[in-house]
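Source file: run_24.cif. Holds: mmCIF, C-alpha atoms.
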data_query
loop_
_atom_site.label_atom_id
_atom_site.label_comp_id
_atom_site.auth_asym_id
_atom_site.auth_seq_id
_atom_site.Cartn_x
_atom_site.Cartn_y
_atom_site.Cartn_z
CA MET A 1 19.44 3.56 -12.68
CA THR A 2 18.73 2.72 -16.31
CA LYS A 3 15.39 1.05 -16.93
CA THR A 4 15.28 -2.16 -18.90
CA LYS A 5 13.13 -2.41 -22.00
CA ASP A 6 10.66 -4.57 -20.05
CA GLN A 7 10.44 -1.93 -17.34
CA LEU A 8 9.87 0.82 -19.90
CA ASP A 9 7.17 -1.30 -21.54
CA ALA A 10 5.51 -1.86 -18.18
CA GLU A 11 5.64 1.84 -17.35
CA ASN A 12 4.19 2.87 -20.72
CA TYR A 13 1.50 0.21 -20.46
CA ALA A 14 0.47 1.28 -16.94
CA ASP A 15 0.38 4.97 -17.94
CA LYS A 16 -1.75 4.16 -20.96
CA VAL A 17 -4.14 1.92 -19.01
CA VAL A 18 -4.72 4.58 -16.35
CA ALA A 19 -5.18 7.32 -18.98
CA GLU A 20 -7.58 5.24 -21.06
CA MET A 21 -9.64 3.99 -18.13
CA SER A 22 -9.87 7.53 -16.75
CA ALA A 23 -11.07 8.89 -20.10
CA LEU A 24 -13.97 6.42 -20.45
CA SER A 25 -17.43 7.74 -19.68
CA ASP A 26 -19.46 6.21 -16.84
CA GLU A 27 -21.77 4.81 -19.50
CA GLU A 28 -18.94 2.98 -21.26
CA ILE A 29 -17.73 1.59 -17.95
CA MET A 30 -21.21 0.38 -17.02
CA ASN A 31 -21.76 -1.17 -20.47
CA THR A 32 -18.61 -3.23 -20.03
CA ALA A 33 -19.64 -4.16 -16.49
CA ALA A 34 -23.07 -5.24 -17.72
CA GLU A 35 -21.45 -7.62 -20.22
CA GLU A 36 -19.76 -9.44 -17.34
CA HIS A 37 -22.19 -9.20 -14.47
CA ARG A 38 -25.87 -9.95 -14.52
CA ASP A 39 -26.31 -7.65 -11.54
CA THR A 40 -23.86 -4.75 -11.69
CA LYS A 41 -25.27 -3.25 -8.49
CA THR A 42 -24.51 -6.35 -6.43
CA GLU A 43 -21.03 -6.54 -7.97
CA ALA A 44 -20.45 -2.86 -7.14
CA SER A 45 -21.46 -3.55 -3.51
CA ARG A 46 -19.03 -6.45 -3.39
CA ILE A 47 -16.18 -4.23 -4.67
CA ARG A 48 -17.09 -1.51 -2.17
CA GLN A 49 -17.09 -4.03 0.69
CA ALA A 50 -13.69 -5.38 -0.39
CA LEU A 51 -12.25 -1.85 -0.36
CA LEU A 52 -13.76 -1.12 3.06
CA ASP A 53 -12.41 -4.44 4.36
CA ALA A 54 -8.94 -3.43 3.16
CA ALA A 55 -9.19 -0.10 5.01
CA VAL A 56 -10.42 -1.81 8.19
CA ALA A 57 -7.68 -4.45 7.97
CA HIS A 58 -5.12 -1.65 7.71
CA GLY A 59 -6.61 -0.01 10.82
CA LYS A 60 -6.34 -3.26 12.77
CA GLU A 61 -2.72 -3.70 11.72
CA ARG A 62 -1.94 -0.13 12.76
CA LEU A 63 -3.63 -0.68 16.12
CA LYS A 64 -1.62 -3.86 16.65
CA ALA A 65 1.60 -1.99 15.81
CA ALA A 66 0.66 0.84 18.20
CA GLN A 67 -0.07 -1.66 21.01
CA ALA A 68 3.27 -3.36 20.43
CA ARG A 69 5.01 0.02 20.53
CA LEU A 70 3.28 0.93 23.81
CA ALA A 71 4.19 -2.41 25.35
CA ASP A 72 7.78 -1.76 24.29
CA GLU A 73 7.75 1.70 25.83
CA ASP A 74 6.21 0.33 29.05
CA ALA A 75 8.91 -2.33 29.25
CA GLN A 76 11.60 0.32 28.76
CA LYS A 77 10.00 2.57 31.37
CA GLY A 78 9.90 -0.37 33.76
CA ASN A 79 13.57 -0.92 33.18
CA ASN A 80 14.30 2.73 33.86
CA GLU A 81 12.35 2.56 37.12
CA ASN A 82 14.43 -0.39 38.22
CA VAL A 83 17.72 1.38 37.62
CA VAL A 84 20.10 0.70 40.53
CA LEU A 85 21.15 3.96 42.13
CA SER A 86 24.54 4.49 43.74
CA PHE A 87 24.72 5.33 47.46
CA GLU A 88 25.45 8.97 46.58
CA ALA A 89 22.50 9.10 44.21
CA LYS A 90 20.21 7.63 46.88
CA ARG A 91 21.47 10.21 49.38
CA ALA A 92 20.85 12.99 46.83
CA LYS A 93 17.38 11.62 46.10
CA LEU A 94 16.52 11.59 49.80
CA ALA A 95 17.84 15.16 50.17
CA ARG A 96 15.63 16.31 47.29
CA MET A 97 12.60 14.64 48.84
CA ILE A 98 13.27 16.24 52.22
CA ALA A 99 13.54 19.64 50.52
CA GLN A 100 10.25 19.01 48.68
CA ASN A 101 8.50 17.74 51.83
CA PRO A 102 9.34 19.88 54.91
CA GLN A 103 7.17 17.58 57.08
CA LEU A 104 9.83 14.84 56.84
CA THR A 105 11.55 16.05 59.96
CA LEU A 106 12.91 12.66 61.10
CA ALA A 107 14.61 12.15 57.77
CA ALA A 108 15.94 15.70 57.87
CA ARG A 109 17.47 15.04 61.26
CA GLN A 110 18.88 11.63 60.48
CA GLY A 111 19.56 11.86 56.73
CA GLU A 112 23.27 12.48 56.89
CA ALA A 113 23.78 9.71 59.45
CA MET A 114 21.84 6.98 57.59
CA ASP A 115 23.71 4.12 56.00
CA GLU A 116 22.70 2.72 52.58
CA ALA A 117 20.35 0.04 53.96
CA GLU A 118 18.55 2.62 56.10
CA ILE A 119 18.16 4.96 53.13
CA ASP A 120 16.78 2.07 51.03
CA GLY A 121 14.24 1.23 53.75
CA TYR A 122 13.26 4.86 54.21
CA LEU A 123 12.83 5.46 50.46
CA ALA A 124 10.71 2.29 50.24
CA ASP A 125 8.51 3.52 53.12
CA LEU A 126 8.08 6.90 51.45
CA ALA A 127 7.16 5.22 48.17
CA GLU A 128 4.51 3.20 50.01
CA LEU A 129 3.10 6.42 51.41
CA GLY A 130 2.94 7.81 47.89
CA ILE A 131 5.70 10.34 48.49
CA THR A 132 7.98 10.42 45.49
CA ASP A 133 10.73 12.58 44.08
CA SER A 134 8.87 15.14 41.96
CA THR A 135 11.94 15.83 39.81
CA GLU A 136 11.77 12.19 38.59
CA ARG A 137 8.10 12.61 37.65
CA ASP A 138 8.99 15.75 35.71
CA ASP A 139 11.65 13.84 33.79
CA THR A 140 9.18 11.32 32.37
CA MET B 1 0.25 22.50 7.55
CA THR B 2 -2.77 23.03 5.34
CA GLN B 3 -5.34 20.39 4.45
CA ALA B 4 -4.22 20.46 0.81
CA VAL B 5 -0.64 19.37 1.44
CA ARG B 6 -1.20 16.77 4.18
CA ALA B 7 0.07 13.51 2.77
CA VAL B 8 -1.61 10.82 4.80
CA TRP B 9 -5.27 10.02 4.41
CA SER B 10 -6.89 8.95 7.66
CA GLU B 11 -8.85 5.71 7.82
CA GLY B 12 -12.03 7.68 8.36
CA GLU B 13 -11.42 9.79 5.26
CA VAL B 14 -10.67 6.75 3.14
CA GLN B 15 -13.72 4.88 4.42
CA LEU B 16 -15.92 7.90 3.75
CA ALA B 17 -14.47 8.28 0.25
CA ILE B 18 -15.10 4.57 -0.45
CA SER B 19 -18.67 4.78 0.79
CA GLU B 20 -19.31 7.75 -1.51
CA LEU B 21 -18.06 6.01 -4.68
CA SER B 22 -20.69 5.58 -7.38
CA GLU B 23 -21.46 2.25 -9.03
CA ALA B 24 -19.52 3.39 -12.13
CA ASP B 25 -16.56 4.48 -9.98
CA LEU B 26 -16.38 1.03 -8.39
CA HIS B 27 -16.52 -0.78 -11.73
CA ARG B 28 -13.95 1.64 -13.17
CA LEU B 29 -11.58 0.77 -10.32
CA GLN B 30 -12.15 -2.96 -10.77
CA GLN B 31 -11.63 -2.80 -14.54
CA THR B 32 -8.48 -0.73 -14.12
CA ALA B 33 -7.17 -3.20 -11.53
CA ARG B 34 -7.68 -6.08 -13.96
CA ALA B 35 -5.83 -4.34 -16.78
CA LEU B 36 -3.00 -3.20 -14.50
CA ALA B 37 -2.61 -6.60 -12.85
CA ARG B 38 -1.70 -8.13 -16.19
CA GLY B 39 1.90 -9.21 -16.06
CA SER B 40 2.25 -8.62 -12.31
CA ARG B 41 2.12 -11.28 -9.61
CA LEU B 42 -0.79 -9.58 -7.92
CA ALA B 43 -4.40 -10.50 -8.58
CA PRO B 44 -6.66 -7.50 -9.31
CA ARG B 45 -8.23 -7.65 -5.85
CA GLU B 46 -4.79 -7.70 -4.21
CA LEU B 47 -3.81 -4.70 -6.31
CA LEU B 48 -6.85 -2.76 -5.06
CA ASN B 49 -6.17 -3.74 -1.44
CA GLU B 50 -2.51 -2.76 -1.70
CA ALA B 51 -3.48 0.60 -3.21
CA VAL B 52 -5.78 1.34 -0.25
CA TRP B 53 -2.97 0.41 2.18
CA LYS B 54 -0.44 2.58 0.34
CA LEU B 55 -2.78 5.51 0.63
CA LEU B 56 -3.36 4.97 4.34
CA GLU B 57 0.34 4.59 5.02
CA GLY B 58 1.04 7.87 3.26
CA VAL B 59 3.53 6.21 0.93
CA ARG B 60 1.93 8.20 -1.86
CA LYS B 61 2.07 11.92 -1.17
CA VAL B 62 -1.31 12.94 -2.47
CA PRO B 63 -3.00 16.26 -1.72
CA ARG B 64 -6.33 15.67 0.02
CA SER B 65 -8.00 17.99 -2.49
CA GLU B 66 -7.61 15.40 -5.26
CA LYS B 67 -10.48 13.15 -6.23
CA PHE B 68 -10.39 9.68 -4.74
CA VAL B 69 -10.79 7.58 -7.92
CA PRO B 70 -7.76 9.04 -9.77
CA VAL B 71 -5.76 8.87 -6.54
CA LEU B 72 -6.53 5.18 -6.10
CA MET B 73 -5.85 4.48 -9.77
CA GLY B 74 -2.46 6.18 -9.41
CA ALA B 75 -1.74 4.11 -6.30
CA MET B 76 -2.63 0.89 -8.17
CA ARG B 77 -0.35 1.91 -11.02
CA SER B 78 2.49 2.41 -8.57
CA VAL B 79 1.85 -0.90 -6.76
CA ALA B 80 1.76 -2.85 -10.04
CA TRP B 81 4.90 -1.13 -11.26
CA ASN B 82 6.82 -1.82 -8.06
CA ASN B 83 5.67 -5.43 -8.00
CA ARG B 84 6.87 -5.94 -11.54
CA LYS B 85 10.19 -4.19 -10.85
CA LEU B 86 10.71 -6.34 -7.74
CA HIS B 87 10.27 -9.54 -9.71
CA ASP B 88 12.32 -8.26 -12.65
CA ASN B 89 15.19 -7.71 -10.21
CA ALA B 90 14.61 -11.10 -8.59
CA ARG B 91 14.78 -12.64 -12.06
CA VAL B 92 18.13 -10.96 -12.73
CA ASP B 93 19.49 -12.00 -9.32
CA SER B 94 18.36 -15.61 -9.52
CA GLY B 95 21.53 -16.87 -11.19
CA ASP B 96 23.22 -17.76 -7.90
CA ASP B 97 24.38 -21.27 -7.17
CA GLU B 98 21.60 -22.08 -4.76
CA ALA B 99 18.94 -21.07 -7.27
CA LEU B 100 20.66 -23.12 -9.97
CA ASN B 101 20.85 -26.15 -7.69
CA ASN B 102 17.17 -25.89 -6.91
CA ILE B 103 16.07 -25.99 -10.53
CA GLY B 104 13.73 -28.90 -11.06
CA ASP B 105 12.83 -29.23 -7.39
CA ALA B 106 9.28 -28.01 -7.82
CA ALA B 107 6.83 -27.54 -10.65
CA PRO B 108 6.70 -23.89 -11.74
CA THR B 109 3.63 -21.98 -10.57
CA PRO B 110 1.67 -19.77 -12.99
CA GLU B 111 3.47 -16.82 -11.37
CA ASP B 112 6.87 -18.40 -12.12
CA ILE B 113 5.87 -18.87 -15.74
CA LEU B 114 4.64 -15.31 -15.91
CA ALA B 115 7.84 -13.98 -14.38
CA LYS B 116 9.74 -15.40 -17.35
CA LYS B 117 7.39 -13.74 -19.81
CA ASN B 118 7.52 -10.02 -20.35
CA LEU B 119 4.46 -7.84 -20.25
CA ARG B 120 4.53 -7.02 -23.96
CA GLN B 121 4.42 -10.72 -24.83
CA SER B 122 1.69 -11.32 -22.29
CA VAL B 123 -0.50 -8.65 -23.91
CA LEU B 124 0.26 -9.73 -27.49
CA ASP B 125 -0.51 -13.38 -26.66
CA LEU B 126 -4.06 -12.36 -25.83
CA PHE B 127 -4.62 -11.47 -29.48
CA LYS B 128 -2.97 -14.42 -31.19
CA GLY B 129 -4.25 -14.67 -34.75
CA ASP B 130 -5.43 -11.07 -34.84
CA GLU B 131 -2.54 -9.14 -36.36
CA ILE B 132 -4.42 -5.84 -36.42
CA ALA B 133 -5.14 -6.06 -32.69
CA GLN B 134 -1.52 -6.98 -32.01
CA ALA B 135 -0.26 -4.04 -34.08
CA ILE B 136 -2.59 -1.68 -32.23
CA CYS B 137 -1.42 -3.04 -28.85
CA GLU B 138 2.23 -2.58 -29.81
CA GLY B 139 1.68 0.96 -31.00
CA TRP B 140 -0.90 1.99 -28.44
CA PHE B 141 0.53 0.64 -25.22
CA PHE B 142 4.23 0.30 -25.84
CA GLU B 143 5.31 2.68 -28.62
CA GLN B 144 3.20 5.68 -27.58
CA MET B 145 1.77 6.12 -31.10
CA THR B 146 -0.93 8.69 -31.83
CA GLU B 147 -4.32 7.59 -33.18
CA LYS B 148 -3.35 8.92 -36.63
CA GLU B 149 -0.18 6.84 -36.59
CA LEU B 150 -2.21 3.80 -35.52
CA CYS B 151 -4.63 4.39 -38.41
CA ASP B 152 -1.71 4.70 -40.85
CA LEU B 153 -0.18 1.51 -39.43
CA THR B 154 -3.34 -0.60 -39.62
CA GLY B 155 -5.28 0.95 -42.48
CA LEU B 156 -8.31 1.47 -40.19
CA ASP B 157 -10.24 4.73 -40.04
CA LEU B 158 -10.74 6.49 -36.70
CA LYS B 159 -14.14 4.91 -36.07
CA GLN B 160 -12.86 1.41 -36.82
CA LEU B 161 -9.85 2.07 -34.61
CA GLY B 162 -12.15 3.13 -31.77
CA THR B 163 -14.13 -0.11 -32.08
CA LYS B 164 -10.95 -2.19 -32.14
CA LYS B 165 -9.53 -0.38 -29.12
CA GLN B 166 -12.74 -1.11 -27.25
CA GLU B 167 -12.39 -4.82 -28.10
CA ILE B 168 -8.81 -4.76 -26.84
CA ARG B 169 -9.77 -2.97 -23.63
CA ARG B 170 -12.49 -5.52 -22.93
CA ALA B 171 -10.10 -8.40 -23.47
CA LEU B 172 -7.62 -6.83 -21.05
CA ILE B 173 -10.18 -6.48 -18.27
CA ARG B 174 -11.71 -9.91 -18.71
CA SER B 175 -12.70 -11.39 -15.40
CA ASP B 176 -11.74 -15.06 -15.85
CA VAL B 177 -9.98 -16.48 -12.85
CA GLY B 178 -6.25 -15.89 -13.28
CA ALA B 179 -6.79 -13.87 -16.47
CA HIS B 180 -4.05 -11.49 -15.41
CA LEU B 181 -1.62 -14.41 -15.56
CA LYS B 182 -2.33 -15.31 -19.16
#
Translate this file's structure into structure tokens.
Amino acid sequence: MTKTKDQLDAENYADKVVAEMSALSDEEIMNTAAEEHRDTKTEASRIRQALLDAAVAHGKERLKAAQARLADEDAQKGNNENVVLSFEAKRAKLARMIAQNPQLTLAARQGEAMDEAEIDGYLADLAELGITDSTERDDT
Amino acid sequence: MTQAVRAVWSEGEVQLAISELSEADLHRLQQTARALARGSRLAPRELLNEAVWKLLEGVRKVPRSEKFVPVLMGAMRSVAWNNRKLHDNARVDSGDDEALNNIGDAAPTPEDILAKKNLRQSVLDLFKGDEIAQAICEGWFFEQMTEKELCDLTGLDLKQLGTKKQEIRRALIRSDVGAHLK
């Protein structure tokens, strides 16, 4: 994109300002500061505090953004956990859990014969007991 | 990835760097902010704040090995430049019907007035009545003239030119409220 004359002027001006201000000695800088401020030390502290405040404000914004992102992820995870499984998927889930937990003998005996409502009830009971499908945990 | 090429400064690193700045460093940053803010819609303090944010966001890819003051001055330069470019474009785009219909609805703010004035004019206006200072500003800031060329242009010797440049610099970093808008 071609720069306008104003933009070129602004670029040249900014380059020159930075070059000139960088080339000044500390003494020249402090002499100029002393012309404006009775107490250059207090003014320097004020500038330092303003810069620190800007850095802290940025940190707070970043924290807020991170919290919002986490809340978003939690909401999405919640949605995933509430996914409605098909009857076949429920049956497969129960089969996996039986394979992972050989002590579930009743389920092993009755699994094939259970209807969907029975499987739902059984899976809910297992969840209450803290028995979950470990392959789902691995997925997250 | 090595320390030298990591782009983003952490908050801790920036806070440490700020706390280690000398009194002269801090005044140098403030004076640079005032000169750079001229002709932009940002006040010097806003320019400094924005520069710190840019650094923390990693928008500027700056090796960590660089010194903090030049890095922050470079960030301020970039913020001022982008701000000016943004408003230059807004000025070009403002010819739509809605903008035309709204003319006269509200009194122009100092920023609106500034947006209509280019940076060169804003700098030259500071030295109304002082043709030598104006000629130096034109050559020094906008035409990239060497000191010898500036001496030839103004008839000053190098020492006189140095004194005049110092006067100009001090006028540009004046601290009056809203000085950057004049």
Output of the PyMOL selection byres ((chain B) within 7 of (chain A)), listed as number ranges by chain: B: 11, 15, 18, 23-24, 26-28, 32, 35-36, 49, 52-53, 73, 77, 81, 85, 118-120, 141-142
Residue list as a count of residues only for point (-8.5, -2.1, -26.3), cut-off 10 Å, all atoms listed in the file: 20
CA of Leu85 in chain A to CA of Thr135 in chain A, distance in Å rounded to a single decimal: 15.2 Å
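Between CA of Ala17 in chain B and CA of Val69 in chain B there is a distance of 9.0 Å.
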Close residues, range 111-120 of chain A itself excluded, 9 Å, all atoms listed in the file, min 4 positions apart in chain, as a list in words: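 Listed by chain and then number, they are Phe87, Lys90, Arg91, Leu94, Ala95, Ile98, Leu106, Ala107, Ala124 and Asp125 of chain A.
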Two-atom distance - CA of Gln134 in chain B, CA of Ala75 in chain B (Å):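 Taking CA of Gln134 in chain B and CA of Ala75 in chain B, their separation equals 28.0 Å.
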Given all atoms listed in the file as the counted atoms, nearest of B:Leu21, B:Met145, B:Met76, B:Ala33 to Arg174 in chain B: B:Ala33
Where atoms are missing, can you supply all heavy atoms for range 7-18 of chain A and output the lot as a PDB file, in the coordinates of the input?
ATOM      1  N   GLN A   7      10.936  -2.901 -18.324  1.00  0.00           N
ATOM      2  CA  GLN A   7      10.440  -1.930 -17.340  1.00  0.00           C
ATOM      3  C   GLN A   7       9.816  -0.719 -18.032  1.00  0.00           C
ATOM      4  O   GLN A   7       8.793  -0.207 -17.599  1.00  0.00           O
ATOM      5  CB  GLN A   7      11.571  -1.494 -16.406  1.00  0.00           C
ATOM      6  CG  GLN A   7      11.926  -2.586 -15.395  1.00  0.00           C
ATOM      7  CD  GLN A   7      13.134  -2.248 -14.554  1.00  0.00           C
ATOM      8  OE1 GLN A   7      13.925  -1.380 -14.902  1.00  0.00           O
ATOM      9  NE2 GLN A   7      13.300  -2.953 -13.456  1.00  0.00           N
ATOM     10  N   LEU A   8      10.442  -0.298 -19.142  1.00  0.00           N
ATOM     11  CA  LEU A   8       9.870   0.820 -19.900  1.00  0.00           C
ATOM     12  C   LEU A   8       8.518   0.439 -20.475  1.00  0.00           C
ATOM     13  O   LEU A   8       7.558   1.210 -20.438  1.00  0.00           O
ATOM     14  CB  LEU A   8      10.820   1.219 -21.038  1.00  0.00           C
ATOM     15  CG  LEU A   8      11.895   2.240 -20.675  1.00  0.00           C
ATOM     16  CD1 LEU A   8      12.819   2.445 -21.860  1.00  0.00           C
ATOM     17  CD2 LEU A   8      11.275   3.564 -20.250  1.00  0.00           C
ATOM     18  N   ASP A   9       8.446  -0.794 -21.005  1.00  0.00           N
ATOM     19  CA  ASP A   9       7.170  -1.300 -21.540  1.00  0.00           C
ATOM     20  C   ASP A   9       6.096  -1.271 -20.466  1.00  0.00           C
ATOM     21  O   ASP A   9       4.975  -0.832 -20.686  1.00  0.00           O
ATOM     22  CB  ASP A   9       7.329  -2.756 -22.011  1.00  0.00           C
ATOM     23  CG  ASP A   9       7.852  -2.839 -23.437  1.00  0.00           C
ATOM     24  OD1 ASP A   9       7.983  -1.778 -24.082  1.00  0.00           O
ATOM     25  OD2 ASP A   9       8.130  -3.967 -23.903  1.00  0.00           O
ATOM     26  N   ALA A  10       6.479  -1.768 -19.276  1.00  0.00           N
ATOM     27  CA  ALA A  10       5.510  -1.860 -18.180  1.00  0.00           C
ATOM     28  C   ALA A  10       5.054  -0.462 -17.752  1.00  0.00           C
ATOM     29  O   ALA A  10       3.877  -0.245 -17.459  1.00  0.00           O
ATOM     30  CB  ALA A  10       6.141  -2.590 -16.995  1.00  0.00           C
ATOM     31  N   GLU A  11       5.987   0.474 -17.754  1.00  0.00           N
ATOM     32  CA  GLU A  11       5.640   1.840 -17.350  1.00  0.00           C
ATOM     33  C   GLU A  11       4.700   2.472 -18.384  1.00  0.00           C
ATOM     34  O   GLU A  11       3.683   3.075 -18.027  1.00  0.00           O
ATOM     35  CB  GLU A  11       6.933   2.648 -17.233  1.00  0.00           C
ATOM     36  CG  GLU A  11       6.759   3.904 -16.433  1.00  0.00           C
ATOM     37  CD  GLU A  11       8.086   4.547 -16.063  1.00  0.00           C
ATOM     38  OE1 GLU A  11       9.126   4.157 -16.631  1.00  0.00           O
ATOM     39  OE2 GLU A  11       8.058   5.446 -15.215  1.00  0.00           O
ATOM     40  N   ASN A  12       5.037   2.307 -19.665  1.00  0.00           N
ATOM     41  CA  ASN A  12       4.190   2.870 -20.720  1.00  0.00           C
ATOM     42  C   ASN A  12       2.803   2.245 -20.696  1.00  0.00           C
ATOM     43  O   ASN A  12       1.788   2.926 -20.849  1.00  0.00           O
ATOM     44  CB  ASN A  12       4.819   2.615 -22.112  1.00  0.00           C
ATOM     45  CG  ASN A  12       6.043   3.486 -22.329  1.00  0.00           C
ATOM     46  OD1 ASN A  12       6.190   4.521 -21.678  1.00  0.00           O
ATOM     47  ND2 ASN A  12       6.919   3.067 -23.226  1.00  0.00           N
ATOM     48  N   TYR A  13       2.777   0.923 -20.482  1.00  0.00           N
ATOM     49  CA  TYR A  13       1.500   0.210 -20.460  1.00  0.00           C
ATOM     50  C   TYR A  13       0.636   0.722 -19.309  1.00  0.00           C
ATOM     51  O   TYR A  13      -0.542   1.041 -19.485  1.00  0.00           O
ATOM     52  CB  TYR A  13       1.764  -1.291 -20.295  1.00  0.00           C
ATOM     53  CG  TYR A  13       0.513  -2.133 -20.099  1.00  0.00           C
ATOM     54  CD1 TYR A  13      -0.277  -2.492 -21.186  1.00  0.00           C
ATOM     55  CD2 TYR A  13       0.131  -2.551 -18.828  1.00  0.00           C
ATOM     56  CE1 TYR A  13      -1.433  -3.256 -21.001  1.00  0.00           C
ATOM     57  CE2 TYR A  13      -1.017  -3.318 -18.637  1.00  0.00           C
ATOM     58  CZ  TYR A  13      -1.785  -3.668 -19.727  1.00  0.00           C
ATOM     59  OH  TYR A  13      -2.931  -4.416 -19.542  1.00  0.00           O
ATOM     60  N   ALA A  14       1.236   0.843 -18.123  1.00  0.00           N
ATOM     61  CA  ALA A  14       0.470   1.280 -16.940  1.00  0.00           C
ATOM     62  C   ALA A  14      -0.039   2.709 -17.137  1.00  0.00           C
ATOM     63  O   ALA A  14      -1.198   3.010 -16.815  1.00  0.00           O
ATOM     64  CB  ALA A  14       1.342   1.186 -15.693  1.00  0.00           C
ATOM     65  N   ASP A  15       0.810   3.578 -17.682  1.00  0.00           N
ATOM     66  CA  ASP A  15       0.380   4.970 -17.940  1.00  0.00           C
ATOM     67  C   ASP A  15      -0.817   4.984 -18.881  1.00  0.00           C
ATOM     68  O   ASP A  15      -1.790   5.700 -18.679  1.00  0.00           O
ATOM     69  CB  ASP A  15       1.515   5.774 -18.566  1.00  0.00           C
ATOM     70  CG  ASP A  15       2.582   6.135 -17.540  1.00  0.00           C
ATOM     71  OD1 ASP A  15       2.293   6.023 -16.337  1.00  0.00           O
ATOM     72  OD2 ASP A  15       3.697   6.513 -17.946  1.00  0.00           O
ATOM     73  N   LYS A  16      -0.695   4.170 -19.943  1.00  0.00           N
ATOM     74  CA  LYS A  16      -1.750   4.160 -20.960  1.00  0.00           C
ATOM     75  C   LYS A  16      -3.043   3.597 -20.392  1.00  0.00           C
ATOM     76  O   LYS A  16      -4.129   4.135 -20.636  1.00  0.00           O
ATOM     77  CB  LYS A  16      -1.263   3.339 -22.171  1.00  0.00           C
ATOM     78  CG  LYS A  16      -2.153   3.408 -23.378  1.00  0.00           C
ATOM     79  CD  LYS A  16      -2.328   4.807 -23.891  1.00  0.00           C
ATOM     80  CE  LYS A  16      -1.179   5.235 -24.779  1.00  0.00           C
ATOM     81  NZ  LYS A  16      -1.387   6.579 -25.348  1.00  0.00           N
ATOM     82  N   VAL A  17      -2.934   2.524 -19.608  1.00  0.00           N
ATOM     83  CA  VAL A  17      -4.140   1.920 -19.010  1.00  0.00           C
ATOM     84  C   VAL A  17      -4.852   2.939 -18.123  1.00  0.00           C
ATOM     85  O   VAL A  17      -6.069   3.134 -18.244  1.00  0.00           O
ATOM     86  CB  VAL A  17      -3.773   0.657 -18.177  1.00  0.00           C
ATOM     87  CG1 VAL A  17      -4.916   0.264 -17.248  1.00  0.00           C
ATOM     88  CG2 VAL A  17      -3.448  -0.506 -19.106  1.00  0.00           C
ATOM     89  N   VAL A  18      -4.086   3.616 -17.273  1.00  0.00           N
ATOM     90  CA  VAL A  18      -4.720   4.580 -16.350  1.00  0.00           C
ATOM     91  C   VAL A  18      -5.344   5.729 -17.152  1.00  0.00           C
ATOM     92  O   VAL A  18      -6.481   6.141 -16.881  1.00  0.00           O
ATOM     93  CB  VAL A  18      -3.685   5.109 -15.322  1.00  0.00           C
ATOM     94  CG1 VAL A  18      -4.247   6.290 -14.551  1.00  0.00           C
ATOM     95  CG2 VAL A  18      -3.300   3.998 -14.361  1.00  0.00           C
TER      96      VAL A  18
END
